[in-house]
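These notes concern the structure reproduced below.
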Amino acid sequence: MKPKVIVYKKVDKQVLDFIQTTCDVVSFDQLDSNNFPQFLQELKTAEGLLGSVLKVDKELLDHAPNLKIVCNTSVGYDNFDMAELSARGIMATNTPGVLNDTVADTIFGLLLATARRIPELDQFVKNGQWESMIGEDLFGVDVHHKVLGIIGMGGVGTAIAKRAHLGFDMQILYHNRSRNEEAENKFGATYCSLDELLQQSDYVCLMTPLTPATEKMIGKREFELMKKTAIFINGSRGKTVDEEALIDALKTGEILAAGLDVFVEEPVQPNHPLLSMKNVVTLPHIGSATYETRMKMAMLGATNLVAGLQGNTPPNLIKI
Ligand SMILES: NC(=O)c1ccc[n+]([C@@H]2O[C@H](COP(=O)([O-])OP(=O)(O)OC[C@H]3O[C@@H](n4cnc5c(N)ncnc54)[C@H](O)[C@@H]3O)[C@@H](O)[C@H]2O)c1
Ligand SMILES: O=C(O)[C@H](O)CO
């Protein structure tokens, strides 16, 4: 008998077909309050789960006595309670690597959009406000030849460093759990302490996973260390930043501007203070959201799922 798996996110038919060759699939395009009871019912007999964002913790796992593997279609896995999964002998996987270039493109786009005020100026033109030569009040700041500080020099961080070095002649500082030889040797990145990075960077880009060590790692103290002209870019997870401190820093001129792909609460509420600030550029967590890359992520997630259920070591097994 084929193992039963639940795919709880909309994925391409090709991905479902691949899983169906070895598994019985129950699929949900997305989970919401209407279909969640049915999902929990299916979970009782499921051996595998594929999707992203869903919190996989003790409470959920108590509904899943037969689960053998949980597979994210994302590189981040802060939605997994790894201690609980490990205690129950359930494998967990993610999708590193295949999204690096796409996310780096997004983050670089966000950085440029924030520095050169592109969304604001787009609105200016479309609102019919372009009536004469634009003046200093609408100027942006340069990106090229500036100092970029990358916190979290992993797969995505290195792809950002590549763009900054090869395309924009930027000087790169980085802070990471360990030294990254590729970033140093190929893209001229210099390792430094977090405080040095914050003090010296024109652009501070946060690209760490969300863990107990990184939760609110950027707060009041860190914004105060940054230059008053610094632009802060967050591509990691909303909770790596103290959002209240970010709002204060932007309001009081402690930093110049911010570009954000992630928020503490997602979707962010329309009345959130960050959304009404002129010096903030936002995106709806779309770092990896291109057709090509989302397809690769879904297929890699499916490959992990099938491998695990066939008794093989999944290529992206998360080790704790
Ligand atoms: N916005 C998006 O759409 C998007 C897309 C991809 C990844 N992400 C987020 O970015 C994270 C990183 O992705 P990745 O593929 O580069 O992962 P990765 O594992 O390759 O790199 C993460 C890096 O962060 C470093 N790190 C971890 N804890 C640290 C700490 N306390 N201080 C300093 N450095 C620390 C690690 O040493 C590692 O080099 C993901 O976990 C995810 O949360 C977001
Ligand atoms: O972690 C990731 O892969 C991104 O945030 C997309 O979900």
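The way I read the labels, and the way they are meant: chains A, B, ... in the order of the structure tokens, residue 1 as the first residue of every chain, and ligand 1 as the first ligand shown, with later ones counted on from there.
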
Fill in: Residue neighbourhood segment 253-258 of chain A, 10 Å, only C-alpha atoms, exclusion window fewer than 5 positions, as JSON, numbers by chain
{"A": [110, 111, 114, 115, 117, 202, 203, 204, 205, 220, 223, 224, 225, 226, 227, 228, 229, 230, 231, 232, 233, 234, 246, 247, 248, 274, 277, 278, 279, 280, 281, 282]}

Taking N, CA and C atoms for each residue, export the selection above as a compact mmCIF listing (two decimals), in the first residue's frame.
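Produced file part.txt, reproduced below:
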```txt
# COMPACT_ATOMS: atom_id res chain seq x y z
N LEU A 110 14.95 45.39 -3.78
CA LEU A 110 14.38 46.11 -2.63
C LEU A 110 15.36 47.19 -2.15
N LEU A 111 16.63 46.82 -2.12
CA LEU A 111 17.66 47.77 -1.68
C LEU A 111 17.71 48.98 -2.65
N THR A 114 14.58 51.15 -2.34
CA THR A 114 14.56 51.97 -1.12
C THR A 114 15.53 53.14 -1.26
N ALA A 115 16.73 52.85 -1.74
CA ALA A 115 17.75 53.90 -1.85
C ALA A 115 17.34 54.97 -2.87
N ARG A 117 14.23 55.44 -3.99
CA ARG A 117 12.83 55.84 -3.72
C ARG A 117 11.92 55.52 -4.91
N ASP A 202 26.65 51.41 5.13
CA ASP A 202 25.64 52.32 4.59
C ASP A 202 24.32 51.56 4.40
N TYR A 203 24.45 50.27 4.09
CA TYR A 203 23.28 49.39 3.94
C TYR A 203 23.49 48.20 4.87
N VAL A 204 22.49 47.90 5.68
CA VAL A 204 22.57 46.74 6.58
C VAL A 204 21.51 45.75 6.11
N CYS A 205 21.96 44.57 5.70
CA CYS A 205 21.03 43.60 5.14
C CYS A 205 20.99 42.36 6.05
N LYS A 220 16.66 48.34 19.43
CA LYS A 220 17.01 49.75 19.71
C LYS A 220 18.53 49.99 19.71
N PHE A 223 19.96 49.73 16.17
CA PHE A 223 19.63 50.88 15.31
C PHE A 223 20.44 52.11 15.73
N GLU A 224 20.68 52.24 17.02
CA GLU A 224 21.46 53.39 17.50
C GLU A 224 22.92 53.30 17.03
N LEU A 225 23.39 52.07 16.87
CA LEU A 225 24.77 51.92 16.39
C LEU A 225 24.90 52.24 14.90
N MET A 226 23.80 52.09 14.15
CA MET A 226 23.86 52.33 12.70
C MET A 226 24.06 53.82 12.40
N LYS A 227 24.56 54.11 11.19
CA LYS A 227 24.68 55.51 10.76
C LYS A 227 23.29 56.11 10.64
N LYS A 228 23.19 57.41 10.81
CA LYS A 228 21.89 58.10 10.64
C LYS A 228 21.44 58.00 9.17
N THR A 229 22.39 57.75 8.28
CA THR A 229 22.09 57.65 6.85
C THR A 229 21.91 56.19 6.41
N ALA A 230 21.91 55.27 7.38
CA ALA A 230 21.86 53.85 7.00
C ALA A 230 20.48 53.45 6.46
N ILE A 231 20.53 52.51 5.53
CA ILE A 231 19.28 51.91 5.02
C ILE A 231 19.29 50.45 5.46
N PHE A 232 18.20 50.06 6.11
CA PHE A 232 18.10 48.70 6.68
C PHE A 232 17.20 47.84 5.78
N ILE A 233 17.70 46.67 5.42
CA ILE A 233 16.94 45.76 4.56
C ILE A 233 16.73 44.44 5.30
N ASN A 234 15.48 44.03 5.46
CA ASN A 234 15.24 42.72 6.10
C ASN A 234 14.62 41.73 5.11
N LEU A 246 12.26 49.41 15.29
CA LEU A 246 12.45 49.82 13.89
C LEU A 246 11.59 51.04 13.58
N ILE A 247 10.34 51.00 14.02
CA ILE A 247 9.43 52.14 13.79
C ILE A 247 10.01 53.40 14.42
N ASP A 248 10.46 53.28 15.66
CA ASP A 248 11.06 54.43 16.36
C ASP A 248 12.28 54.95 15.61
N LEU A 274 4.21 50.81 9.93
CA LEU A 274 5.28 50.80 8.92
C LEU A 274 4.75 51.12 7.52
N MET A 277 4.66 54.85 6.32
CA MET A 277 5.90 55.64 6.39
C MET A 277 6.52 55.77 5.00
N LYS A 278 6.81 57.00 4.63
CA LYS A 278 7.36 57.28 3.29
C LYS A 278 8.73 56.64 3.07
N ASN A 279 9.48 56.53 4.18
CA ASN A 279 10.84 56.00 4.05
C ASN A 279 10.90 54.48 4.25
N VAL A 280 9.77 53.82 3.98
CA VAL A 280 9.74 52.35 4.06
C VAL A 280 9.20 51.78 2.74
N VAL A 281 9.94 50.83 2.19
CA VAL A 281 9.47 50.13 0.99
C VAL A 281 9.15 48.69 1.40
N THR A 282 7.97 48.22 1.02
CA THR A 282 7.54 46.90 1.49
C THR A 282 7.29 45.94 0.33
```

Item to complete: Write as an MDAnalysis selection string the residues around ligand 1, taking 8 Å as the cut-off and counting only C-alpha atoms and all ligand atoms.
Response: chainID A and resid 74:78 96:97 99:100 103 107 151:158 175:178 180 207:211 213:214 217 234:237 261:262 285:289

Worksheet entry | Which of segment 73-316 of chain A fall in strand (DSSP E or B), as number ranges by chain | A: 80, 91-93, 147-151, 171-175, 190-191, 203-206, 218, 231-234, 241, 257-260, 280-282

Atoms kept (N, CA and C atoms) for selection, written as a compact mmCIF listing (two decimals), in the first residue's frame:
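As a result, result30.txt now contains:
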```
# COMPACT_ATOMS: atom_id res chain seq x y z
N PHE A 80 9.01 24.79 12.15
CA PHE A 80 9.14 23.44 12.71
C PHE A 80 9.64 23.51 14.15
N MET A 91 11.34 12.90 10.48
CA MET A 91 12.33 13.63 9.69
C MET A 91 11.76 14.98 9.25
N ALA A 92 12.66 15.95 9.07
CA ALA A 92 12.24 17.27 8.58
C ALA A 92 13.21 17.71 7.49
N THR A 93 12.66 18.35 6.45
CA THR A 93 13.52 18.79 5.33
C THR A 93 13.15 20.20 4.90
N VAL A 147 29.14 50.95 1.40
CA VAL A 147 29.47 49.79 2.24
C VAL A 147 28.19 49.01 2.54
N LEU A 148 28.21 47.74 2.17
CA LEU A 148 27.06 46.87 2.43
C LEU A 148 27.44 45.89 3.55
N GLY A 149 26.66 45.87 4.62
CA GLY A 149 26.88 44.90 5.70
C GLY A 149 25.85 43.80 5.60
N ILE A 150 26.32 42.56 5.51
CA ILE A 150 25.39 41.43 5.41
C ILE A 150 25.48 40.62 6.69
N ILE A 151 24.35 40.52 7.38
CA ILE A 151 24.30 39.70 8.61
C ILE A 151 23.66 38.38 8.22
N GLN A 171 31.75 47.83 -1.11
CA GLN A 171 32.63 47.21 -0.12
C GLN A 171 31.72 46.37 0.77
N ILE A 172 32.10 45.12 1.02
CA ILE A 172 31.18 44.24 1.76
C ILE A 172 31.76 43.84 3.11
N LEU A 173 30.98 44.08 4.15
CA LEU A 173 31.30 43.59 5.49
C LEU A 173 30.30 42.48 5.79
N TYR A 174 30.70 41.50 6.56
CA TYR A 174 29.69 40.50 6.93
C TYR A 174 29.91 39.99 8.34
N HIS A 175 28.77 39.55 8.92
CA HIS A 175 28.81 38.92 10.23
C HIS A 175 28.05 37.61 10.11
N THR A 190 34.58 41.17 3.98
CA THR A 190 35.42 41.21 5.18
C THR A 190 34.58 40.83 6.39
N TYR A 191 35.07 39.85 7.15
CA TYR A 191 34.36 39.41 8.36
C TYR A 191 34.55 40.43 9.47
N TYR A 203 24.45 50.27 4.09
CA TYR A 203 23.28 49.39 3.94
C TYR A 203 23.49 48.20 4.87
N VAL A 204 22.49 47.90 5.68
CA VAL A 204 22.57 46.74 6.58
C VAL A 204 21.51 45.75 6.11
N CYS A 205 21.96 44.57 5.70
CA CYS A 205 21.03 43.60 5.14
C CYS A 205 20.99 42.36 6.05
N LEU A 206 19.81 42.05 6.55
CA LEU A 206 19.67 40.94 7.50
C LEU A 206 19.18 39.69 6.76
N ILE A 218 18.08 42.54 15.94
CA ILE A 218 18.22 43.96 15.60
C ILE A 218 17.13 44.73 16.35
N ILE A 231 20.53 52.51 5.53
CA ILE A 231 19.28 51.91 5.02
C ILE A 231 19.29 50.45 5.46
N PHE A 232 18.20 50.06 6.11
CA PHE A 232 18.10 48.70 6.68
C PHE A 232 17.20 47.84 5.78
N ILE A 233 17.70 46.67 5.42
CA ILE A 233 16.94 45.76 4.56
C ILE A 233 16.73 44.44 5.30
N ASN A 234 15.48 44.03 5.46
CA ASN A 234 15.24 42.72 6.10
C ASN A 234 14.62 41.73 5.11
N VAL A 241 13.75 41.09 13.94
CA VAL A 241 13.83 42.52 14.24
C VAL A 241 12.80 42.89 15.29
N ALA A 257 16.11 54.86 6.17
CA ALA A 257 15.00 54.19 5.49
C ALA A 257 15.10 52.68 5.70
N ALA A 258 14.04 51.97 5.32
CA ALA A 258 14.06 50.50 5.42
C ALA A 258 13.32 49.87 4.24
N GLY A 259 13.84 48.72 3.83
CA GLY A 259 13.18 47.90 2.81
C GLY A 259 12.85 46.57 3.45
N LEU A 260 11.58 46.18 3.43
CA LEU A 260 11.16 45.00 4.19
C LEU A 260 10.39 44.01 3.33
N VAL A 280 9.77 53.82 3.98
CA VAL A 280 9.74 52.35 4.06
C VAL A 280 9.20 51.78 2.74
N VAL A 281 9.94 50.83 2.19
CA VAL A 281 9.47 50.13 0.99
C VAL A 281 9.15 48.69 1.40
N THR A 282 7.97 48.22 1.02
CA THR A 282 7.54 46.90 1.49
C THR A 282 7.29 45.94 0.33
```

Discussion item. Using DSSP secondary structure from the backbone, list all helix (DSSP H, G or I) positions within segment 154-261 of chain A, as JSON, numbers by chain.
Written reply: {"A": [155, 156, 157, 158, 159, 160, 161, 162, 163, 164, 165, 166, 167, 168, 181, 182, 183, 184, 185, 186, 187, 194, 195, 196, 197, 198, 199, 200, 220, 221, 222, 223, 224, 225, 238, 239, 240, 243, 244, 245, 246, 247, 248, 249, 250, 251, 252]}

Could you take the residues named above and write them with C-alpha atoms, as a short mmCIF file (atom, residue, chain, number, x, y, z; two decimals), in the first residue's frame?
```cif
data_model
loop_
_atom_site.label_atom_id
_atom_site.label_comp_id
_atom_site.auth_asym_id
_atom_site.auth_seq_id
_atom_site.Cartn_x
_atom_site.Cartn_y
_atom_site.Cartn_z
CA GLY A 155 23.47 30.81 0.54
CA VAL A 156 21.35 33.92 -0.01
CA GLY A 157 23.81 36.28 1.68
CA THR A 158 26.61 35.10 -0.62
CA ALA A 159 24.42 35.63 -3.71
CA ILE A 160 23.70 39.18 -2.49
CA ALA A 161 27.44 39.75 -1.95
CA LYS A 162 28.12 38.59 -5.52
CA ARG A 163 25.73 41.18 -6.95
CA ALA A 164 27.07 43.93 -4.70
CA HIS A 165 30.70 43.19 -5.57
CA LEU A 166 30.51 42.41 -9.28
CA GLY A 167 27.69 44.77 -10.23
CA PHE A 168 27.94 47.71 -7.85
CA GLU A 181 35.56 31.64 2.27
CA GLU A 182 33.60 32.00 -0.95
CA ALA A 183 32.32 35.44 0.07
CA GLU A 184 35.80 36.51 1.19
CA ASN A 185 37.80 35.13 -1.73
CA LYS A 186 35.41 35.71 -4.62
CA PHE A 187 33.50 38.81 -3.53
CA LEU A 194 28.06 42.69 14.54
CA ASP A 195 28.74 46.08 16.15
CA GLU A 196 31.50 46.97 13.69
CA LEU A 197 29.22 46.05 10.81
CA LEU A 198 26.38 48.18 12.16
CA GLN A 199 28.65 51.19 12.73
CA GLN A 200 30.36 51.10 9.35
CA LYS A 220 17.01 49.75 19.71
CA ARG A 221 20.70 49.31 20.58
CA GLU A 222 21.53 48.06 17.08
CA PHE A 223 19.63 50.88 15.31
CA GLU A 224 21.46 53.39 17.50
CA LEU A 225 24.77 51.92 16.39
CA GLY A 238 10.06 39.60 10.68
CA LYS A 239 10.81 38.36 14.17
CA THR A 240 14.57 38.81 13.77
CA GLU A 243 9.52 46.05 14.96
CA GLU A 244 8.69 48.71 17.57
CA ALA A 245 12.35 49.73 17.70
CA LEU A 246 12.45 49.82 13.89
CA ILE A 247 9.43 52.14 13.79
CA ASP A 248 11.06 54.43 16.36
CA ALA A 249 14.38 54.44 14.50
CA LEU A 250 12.65 55.41 11.25
CA LYS A 251 10.51 58.08 12.94
CA THR A 252 13.31 59.70 14.88
#
```

Discussion item. Taking 3 positions as the minimum chain separation for residues in the same chain, which residues sit within 9 Å of Lys296 of chain A when counting only C-alpha atoms? Answer as a VMD selection string.
Written reply: chain A and resid 95 98 to 99 291 to 293 299 to 301

Discussion item. Let me make sure I understand: among A:Leu49, A:Val141, A:Met133, A:Met297, which one has the smallest atom-to-atom distance to ligand 2 if we use only C-alpha atoms and all ligand atoms?
Written reply: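 Of A:Leu49, A:Val141, A:Met133, A:Met297, the one nearest ligand 2 is A:Met297, counting only C-alpha atoms and all ligand atoms.
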
Worksheet entry | Which residue of A:Phe18, A:Asp62, A:Val70, A:Val25 approaches Leu305 of chain A most closely, using only C-alpha atoms |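 Using only C-alpha atoms, Leu305 of chain A sits closest to A:Val70.
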
Contacts of Asp17 of chain A at 12 Å or less, counting only C-alpha atoms, minus same-chain residues fewer than 6 places along, as a PDB file with C-alpha atoms, in the first residue's frame?
```pdb
ATOM      1  CA  VAL A   7       0.261  18.497   0.225  1.00  0.00           C
ATOM      2  CA  VAL A  11       1.889  23.118  -6.311  1.00  0.00           C
ATOM      3  CA  CYS A  23       2.281   8.005  -2.608  1.00  0.00           C
ATOM      4  CA  ASP A  24      -1.453   8.551  -2.189  1.00  0.00           C
ATOM      5  CA  VAL A  25      -1.898  12.307  -2.167  1.00  0.00           C
ATOM      6  CA  SER A  27      -4.035  18.026  -1.496  1.00  0.00           C
ATOM      7  CA  MET A 299       9.992  19.750  -6.751  1.00  0.00           C
ATOM      8  CA  ALA A 302       8.635  16.536  -3.218  1.00  0.00           C
ATOM      9  CA  THR A 303      11.974  14.809  -3.836  1.00  0.00           C
ATOM     10  CA  VAL A 306       9.476  10.690  -1.602  1.00  0.00           C
TER      11      VAL A 306
END
```

Fill in: Nearby residues (only C-alpha atoms) at most 12 Å from Gln30 of chain A, same-chain spacing under 5 positions excluded, as a list in words
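Neighbouring residues, sequence-local ones excluded: Ile6, Val7, Tyr8, Lys9, Lys10, Val11, Asn35, Phe36, Phe39, Leu50, Gly51, Ser52, Val53 and Leu54 of chain A.
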
Worksheet item: So how far away is atom CA of Pro267 of chain A from atom CA of Pro284 of chain A, in Å?
Response: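 Straight-line distance from atom CA of Pro284 of chain A to atom CA of Pro267 of chain A works out to 7.3 Å.
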
Worksheet item: Distance atom CA of Glu120 of chain A-atom CA of Leu275 of chain A, one decimal place?
Response: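 Atom CA of Leu275 of chain A lies at a distance of 12.5 Å from atom CA of Glu120 of chain A.
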